[in-house]
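For reference, run-v5.tsv (TSV, C-alpha atoms):
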chain	number	residue	atom	x	y	z
A	1	MET	CA	0.00	0.00	0.00
A	2	GLU	CA	3.10	2.21	0.11
A	3	ASP	CA	2.58	3.47	-3.42
A	4	ILE	CA	-1.03	4.58	-2.98
A	5	LEU	CA	-1.28	8.37	-2.78
A	6	ASP	CA	-3.78	9.83	-0.32
A	7	ILE	CA	-5.67	12.89	-1.56
A	8	ARG	CA	-4.96	14.52	1.82
A	9	VAL	CA	-1.25	14.51	0.96
A	10	LEU	CA	-1.96	16.53	-2.18
A	11	ALA	CA	-4.21	18.92	-0.28
A	12	ALA	CA	-1.28	19.89	1.97
A	13	LEU	CA	1.05	20.87	-0.89
A	14	GLU	CA	1.55	24.25	-2.57
A	15	PRO	CA	0.17	25.50	-4.91
A	16	ILE	CA	-2.01	22.38	-5.10
A	17	SER	CA	-3.75	23.14	-1.80
A	18	ALA	CA	-5.90	25.75	-3.59
A	19	PHE	CA	-7.59	23.04	-5.71
A	20	SER	CA	-11.11	21.84	-5.04
A	21	PRO	CA	-11.58	18.19	-3.94
A	22	SER	CA	-12.70	17.24	-7.46
A	23	ARG	CA	-9.64	18.92	-8.96
A	24	LEU	CA	-7.39	17.07	-6.50
A	25	ARG	CA	-8.92	13.75	-7.54
A	26	GLU	CA	-8.19	14.60	-11.18
A	27	LEU	CA	-4.58	15.40	-10.40
A	28	LEU	CA	-4.12	12.10	-8.54
A	29	GLU	CA	-4.11	10.29	-11.88
A	30	TYR	CA	-1.11	12.33	-13.05
A	31	CYS	CA	1.05	12.10	-9.93
A	32	HIS	CA	3.88	9.59	-9.70
A	33	LEU	CA	5.28	8.22	-6.45
A	34	GLU	CA	8.92	7.20	-6.24
A	35	THR	CA	10.50	5.34	-3.32
A	36	LEU	CA	14.26	5.44	-2.72
A	37	ASP	CA	16.52	3.86	-0.13
A	38	LYS	CA	18.76	5.64	2.35
A	39	GLY	CA	21.91	7.04	0.73
A	40	GLU	CA	20.48	7.43	-2.77
A	41	ASP	CA	20.47	10.67	-4.79
A	42	PRO	CA	16.90	10.93	-6.17
A	43	PHE	CA	17.87	13.44	-8.86
A	44	LYS	CA	20.96	11.76	-10.28
A	45	GLU	CA	19.03	9.60	-12.76
A	46	ASN	CA	15.75	11.53	-12.76
A	47	PRO	CA	16.47	15.30	-12.70
A	48	LEU	CA	14.06	17.94	-11.45
A	49	LYS	CA	13.74	19.72	-14.79
A	50	GLY	CA	10.15	19.91	-16.02
A	51	GLN	CA	8.72	18.49	-12.82
A	52	SER	CA	7.39	19.65	-9.50
A	53	VAL	CA	8.80	17.24	-6.93
A	54	TYR	CA	7.68	17.00	-3.31
A	55	LEU	CA	9.10	15.00	-0.40
A	56	VAL	CA	6.15	13.12	1.13
A	57	LYS	CA	7.99	10.63	3.35
A	58	GLY	CA	11.38	10.54	5.08
A	59	GLU	CA	14.30	12.96	5.27
A	60	LEU	CA	16.35	14.42	2.42
A	61	GLU	CA	19.52	16.52	2.50
A	62	LEU	CA	20.12	19.03	-0.29
A	63	ILE	CA	23.49	20.60	-1.11
A	64	TYR	CA	23.29	23.77	-3.21
A	65	GLU	CA	25.90	25.24	-5.56
A	66	ASP	CA	26.79	27.81	-2.91
A	67	THR	CA	27.64	24.84	-0.57
A	68	ASN	CA	24.64	25.58	1.63
A	69	ARG	CA	23.05	22.43	3.09
A	70	VAL	CA	19.35	22.04	3.83
A	71	LEU	CA	17.65	19.16	5.60
A	72	ILE	CA	14.04	18.58	4.55
A	73	ARG	CA	11.66	16.45	6.60
A	74	ALA	CA	8.42	15.25	5.07
A	75	ASP	CA	6.36	16.86	7.84
A	76	SER	CA	8.07	20.26	7.57
A	77	GLU	CA	7.04	23.53	5.94
A	78	TRP	CA	9.82	23.06	3.36
A	79	ALA	CA	8.20	19.83	2.20
A	80	ARG	CA	4.94	21.61	1.34
A	81	HIS	CA	6.71	23.31	-1.57
A	82	PRO	CA	8.31	21.76	-4.69
A	83	ILE	CA	12.01	21.06	-4.38
A	84	GLY	CA	14.53	23.09	-6.34
A	85	LYS	CA	12.32	25.93	-7.54
A	86	ARG	CA	14.53	28.58	-5.98
A	87	GLN	CA	18.08	29.67	-6.71
A	88	PRO	CA	20.83	28.58	-6.36
A	89	GLU	CA	20.74	25.24	-8.17
A	90	ILE	CA	20.89	21.97	-6.27
A	91	GLN	CA	24.31	20.33	-6.61
A	92	SER	CA	23.40	17.01	-5.00
A	93	ALA	CA	20.79	15.36	-2.81
A	94	THR	CA	20.99	12.43	-0.40
A	95	ALA	CA	18.21	10.42	1.19
A	96	LEU	CA	18.96	10.31	4.93
A	97	THR	CA	16.24	7.70	5.42
A	98	ARG	CA	14.05	5.68	3.09
A	99	ILE	CA	12.10	8.40	1.27
A	100	GLN	CA	9.12	8.81	-0.99
A	101	LEU	CA	8.84	11.56	-3.60
A	102	LEU	CA	5.81	12.78	-5.49
A	103	ARG	CA	6.43	13.97	-9.03
A	104	VAL	CA	4.00	15.86	-11.29
A	105	ASP	CA	4.55	17.46	-14.69
A	106	ASP	CA	5.25	21.20	-14.38
A	107	GLU	CA	3.29	22.21	-17.48
A	108	LEU	CA	0.16	20.33	-16.44
A	109	LEU	CA	0.29	21.71	-12.91
A	110	ASP	CA	0.88	25.25	-14.16
A	111	GLN	CA	-2.07	25.01	-16.55
A	112	MET	CA	-4.40	23.62	-13.88
A	113	VAL	CA	-3.41	26.38	-11.44
A	114	THR	CA	-3.81	29.10	-14.10
A	115	TRP	CA	-7.21	27.90	-15.34
A	116	ASP	CA	-8.44	27.72	-11.75
A	117	GLN	CA	-7.18	31.25	-11.08
A	118	PHE	CA	-9.09	32.52	-14.09
A	119	ALA	CA	-12.22	30.66	-13.03
A	120	PHE	CA	-12.27	31.91	-9.44
A	121	HIS	CA	-10.69	34.73	-7.48
A	122	ASP	CA	-10.41	34.79	-3.72
A	123	ASP	CA	-13.63	36.74	-3.47
A	124	GLY	CA	-15.50	34.12	-5.52
A	125	SER	CA	-15.91	36.36	-8.57
A	126	THR	CA	-14.82	35.30	-12.03
A	127	VAL	CA	-12.38	36.91	-14.36
A	128	ALA	CA	-15.08	36.78	-16.99
A	129	ALA	CA	-17.13	39.32	-15.08
A	130	LYS	CA	-14.19	41.68	-14.86
A	131	VAL	CA	-13.43	41.64	-18.57
A	132	GLY	CA	-17.06	42.16	-19.58
A	133	SER	CA	-17.79	38.59	-20.70
A	134	ASP	CA	-21.09	36.92	-19.99
A	135	VAL	CA	-22.09	34.04	-17.73
A	136	ALA	CA	-21.37	31.56	-20.53
A	137	ILE	CA	-17.64	32.11	-20.01
A	138	LYS	CA	-18.04	31.23	-16.34
A	139	ARG	CA	-19.71	27.96	-17.30
A	140	PHE	CA	-16.98	27.42	-19.88
A	141	LEU	CA	-14.21	27.83	-17.31
A	142	ASN	CA	-15.85	25.51	-14.81
A	143	SER	CA	-16.83	22.83	-17.29
A	144	GLY	CA	-15.08	19.51	-17.79
A	145	MET	CA	-13.35	20.97	-20.84
A	146	PHE	CA	-10.42	21.90	-18.62
A	147	SER	CA	-10.06	18.67	-16.70
A	148	ALA	CA	-6.53	17.37	-16.16
A	149	GLU	CA	-7.13	14.84	-18.95
A	150	ASN	CA	-8.17	17.51	-21.45
A	151	LEU	CA	-5.33	19.81	-20.48
A	152	SER	CA	-2.93	16.93	-21.16
A	153	ASN	CA	-4.36	15.51	-24.38
A	154	THR	CA	-6.08	18.30	-26.33
A	155	PRO	CA	-4.85	21.45	-28.13
A	156	PHE	CA	-5.13	23.25	-24.77
A	157	ALA	CA	-2.05	21.32	-23.67
A	158	GLN	CA	-0.01	23.40	-26.13
A	159	LEU	CA	-1.40	26.73	-24.94
A	160	PRO	CA	1.12	28.71	-22.84
A	161	SER	CA	-0.38	29.79	-19.54
A	162	ALA	CA	0.43	33.41	-20.36
A	163	ASN	CA	-1.99	33.26	-23.32
A	164	ILE	CA	-5.02	31.95	-21.43
A	165	GLY	CA	-6.38	35.45	-20.85
A	166	LYS	CA	-6.05	36.26	-24.56
A	167	LEU	CA	-7.97	33.09	-25.41
A	168	LEU	CA	-10.80	33.95	-23.04
A	169	ASP	CA	-11.11	37.40	-24.60
A	170	GLN	CA	-11.84	35.74	-27.95
A	171	ILE	CA	-14.49	33.29	-26.75
A	172	GLU	CA	-18.04	33.89	-27.93
A	173	ALA	CA	-21.03	31.80	-26.87
A	174	ILE	CA	-23.46	31.02	-29.69
A	175	ALA	CA	-26.75	29.10	-29.77
A	176	VAL	CA	-27.09	26.44	-32.49
A	177	TRP	CA	-30.46	24.91	-33.32
A	178	ASP	CA	-31.26	21.30	-34.12
A	179	LYS	CA	-30.11	20.26	-37.64
A	180	GLU	CA	-28.22	23.54	-38.16
A	181	VAL	CA	-24.89	23.16	-39.95
A	182	ILE	CA	-22.02	24.79	-38.06
A	183	ILE	CA	-19.30	24.30	-40.68
A	184	ARG	CA	-19.12	22.42	-43.98
A	185	GLU	CA	-16.28	20.27	-45.25
A	186	GLY	CA	-14.04	22.23	-47.59
A	187	GLU	CA	-15.04	25.64	-46.27
A	188	GLU	CA	-12.44	27.91	-44.73
A	189	GLY	CA	-12.39	27.45	-40.97
A	190	ASP	CA	-11.71	30.53	-38.90
A	191	PHE	CA	-12.87	29.23	-35.53
A	192	TYR	CA	-12.24	26.45	-33.04
A	193	TYR	CA	-15.54	25.11	-31.74
A	194	LEU	CA	-16.21	23.67	-28.29
A	195	ILE	CA	-19.53	22.09	-27.33
A	196	GLU	CA	-20.67	23.47	-23.99
A	197	SER	CA	-23.91	21.46	-23.92
A	198	GLY	CA	-25.91	19.24	-26.27
A	199	ARG	CA	-24.65	16.97	-29.06
A	200	ALA	CA	-23.31	17.42	-32.56
A	201	GLN	CA	-22.72	15.07	-35.48
A	202	VAL	CA	-19.56	15.12	-37.60
A	203	THR	CA	-19.87	13.76	-41.14
A	204	ARG	CA	-17.56	13.48	-44.13
A	205	VAL	CA	-18.14	12.68	-47.77
A	206	VAL	CA	-16.12	9.61	-48.78
A	207	GLY	CA	-16.50	8.16	-52.28
A	208	GLY	CA	-19.61	10.20	-52.90
A	209	MET	CA	-21.27	8.90	-49.71
A	210	THR	CA	-21.76	10.75	-46.44
A	211	ARG	CA	-20.28	8.92	-43.47
A	212	VAL	CA	-20.77	9.74	-39.80
A	213	LEU	CA	-17.41	10.13	-38.06
A	214	ALA	CA	-18.64	11.13	-34.62
A	215	SER	CA	-21.87	11.90	-32.87
Please go through the file and, once you have read it, give me the structure as structure tokens.
Amino acid sequence: MEDILDIRVLAALEPISAFSPSRLRELLEYCHLETLDKGEDPFKENPLKGQSVYLVKGELELIYEDTNRVLIRADSEWARHPIGKRQPEIQSATALTRIQLLRVDDELLDQMVTWDQFAFHDDGSTVAAKVGSDVAIKRFLNSGMFSAENLSNTPFAQLPSANIGKLLDQIEAIAVWDKEVIIREGEEGDFYYLIESGRAQVTRVVGGMTRVLAS
């Protein structure tokens, strides 16, 4: 049972602690636990680059490029924050006991944090209200479109966090009636469509016959 991650562990970490319980459960699927024995350097074979890494069990000693040494215990304030995100760089690390690390992809975590910040501010208001958008944008932000799975496997995964605000400024909610054609094959496409509610059918003409690709 050592490799089973408790959601309460995630809820104690920064900046993850700001996530809702449902968001934490999503992130669980993308977290990786790594167990190392005393004396091992956890970053020798698996560097920190591109990852947020947290110490969740045991004790770890870090030696920085300026020769400063820091001892991190899993139950300490240091352990609530990802390792190695501050200067100077870590020169080496040594497990002082058997340890367990939690690793999560930096880009995914950054996107989840940024989307959540756009969806809700501390006062409960939405960014959409502040930039003059309507309630549809609020529903859009809080929909399953921005689940951890979608942020990892859709075009949104390639969107830099700095451009999220620009994207939201361009979103327009439109109503489409039953049987109405949104776009035809061969026509110039100027928009990226997302279905907020309802269903749509995607067809394509193959060999003179119309085939349903998705519905």
Using 3 Å of padding on each side, determine the axis-aligned box around all atoms of region 23-28 of chain A present in the file and give its centre and edge lengths in Å to one decimal, as JSON.
{"center_x": -6.9, "center_y": 15.5, "center_z": -8.8, "size_x": 11.5, "size_y": 12.8, "size_z": 10.7}
I'd like the neighbourhood of Ile183 (chain A) as a short mmCIF file (atom, residue, chain, number, x, y, z; two decimals) with C-alpha atoms, keeping the file's coordinate frame, where a residue qualifies if any of its atoms comes within 12 Å (using all atoms listed in the file), though same-chain residues fewer than 5 positions away should be ignored.
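Written out: selection29.cif:
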data_model
loop_
_atom_site.label_atom_id
_atom_site.label_comp_id
_atom_site.auth_asym_id
_atom_site.auth_seq_id
_atom_site.Cartn_x
_atom_site.Cartn_y
_atom_site.Cartn_z
CA VAL A 176 -27.09 26.44 -32.49
CA GLU A 188 -12.44 27.91 -44.73
CA GLY A 189 -12.39 27.45 -40.97
CA ASP A 190 -11.71 30.53 -38.90
CA PHE A 191 -12.87 29.23 -35.53
CA TYR A 192 -12.24 26.45 -33.04
CA TYR A 193 -15.54 25.11 -31.74
CA ALA A 200 -23.31 17.42 -32.56
CA GLN A 201 -22.72 15.07 -35.48
CA VAL A 202 -19.56 15.12 -37.60
CA THR A 203 -19.87 13.76 -41.14
CA ARG A 204 -17.56 13.48 -44.13
#
Could you check which residues have any atom within 7 Å of (22.5, 14.1, -4.1), counting all atoms listed in the file with coordinates taken straight from the file, and then list them as a ChimeraX atom specification? /A:41-44,62,91-94
_CA of Ile16 (chain A) to CA of Thr114 (chain A), distance in Å rounded to a single decimal_ =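 Between CA of Ile16 (chain A) and CA of Thr114 (chain A) the gap is 11.4 Å.
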The distance between CA of Arg23 (chain A) and CA of Ala79 (chain A) is 21.1 Å
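Considering all atoms listed in the file, the residue among A:Gln170, A:Thr67, A:Ser52, A:Ser76 positioned nearest to Ala12 (chain A) is A:Ser76.
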Shortest contact to Ala95 (chain A), candidates A:Val56, A:Asn68, A:Met112, A:Glu40, atoms counted only C-alpha atoms, goes to A:Glu40
Q: Between A:Asp75, A:Asp169, A:Asp116, A:Glu59, single out the one closest to Leu13 (chain A), counting all atoms listed in the file.
A: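 For Leu13 (chain A), the nearest of the given residues is A:Asp75.
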For Leu33 (chain A), find every residue with an atom within 8 Å (counting all atoms listed in the file), except residues of its own chain fewer than 3 positions away, and show them as a ChimeraX atom specification. /A:3,5,100-103
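Coordinates place CA of Asp105 (chain A) at a distance of 7.8 Å from CA of Tyr30 (chain A).
Minimum atom-to-atom distances from A:Ile83, A:Val104, A:Ala74, A:Leu60 to Leu28 (chain A) were compared using only C-alpha atoms, and the lowest value belongs to A:Val104.
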- Of the candidates A:His32, A:Leu48, A:Glu61, A:Arg73, which one gets nearest to Arg86 (chain A) if we count only C-alpha atoms?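 The shortest atom-to-atom distance to Arg86 (chain A) comes from A:Leu48.
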Can you pull out the residues contacting Ala11 (chain A)? Cut-off 10 Å, using all atoms listed in the file, and skip same-chain residues under 4 positions away; I want them as a VMD selection string.
chain A and resid 6 to 7 15 to 21 24 80
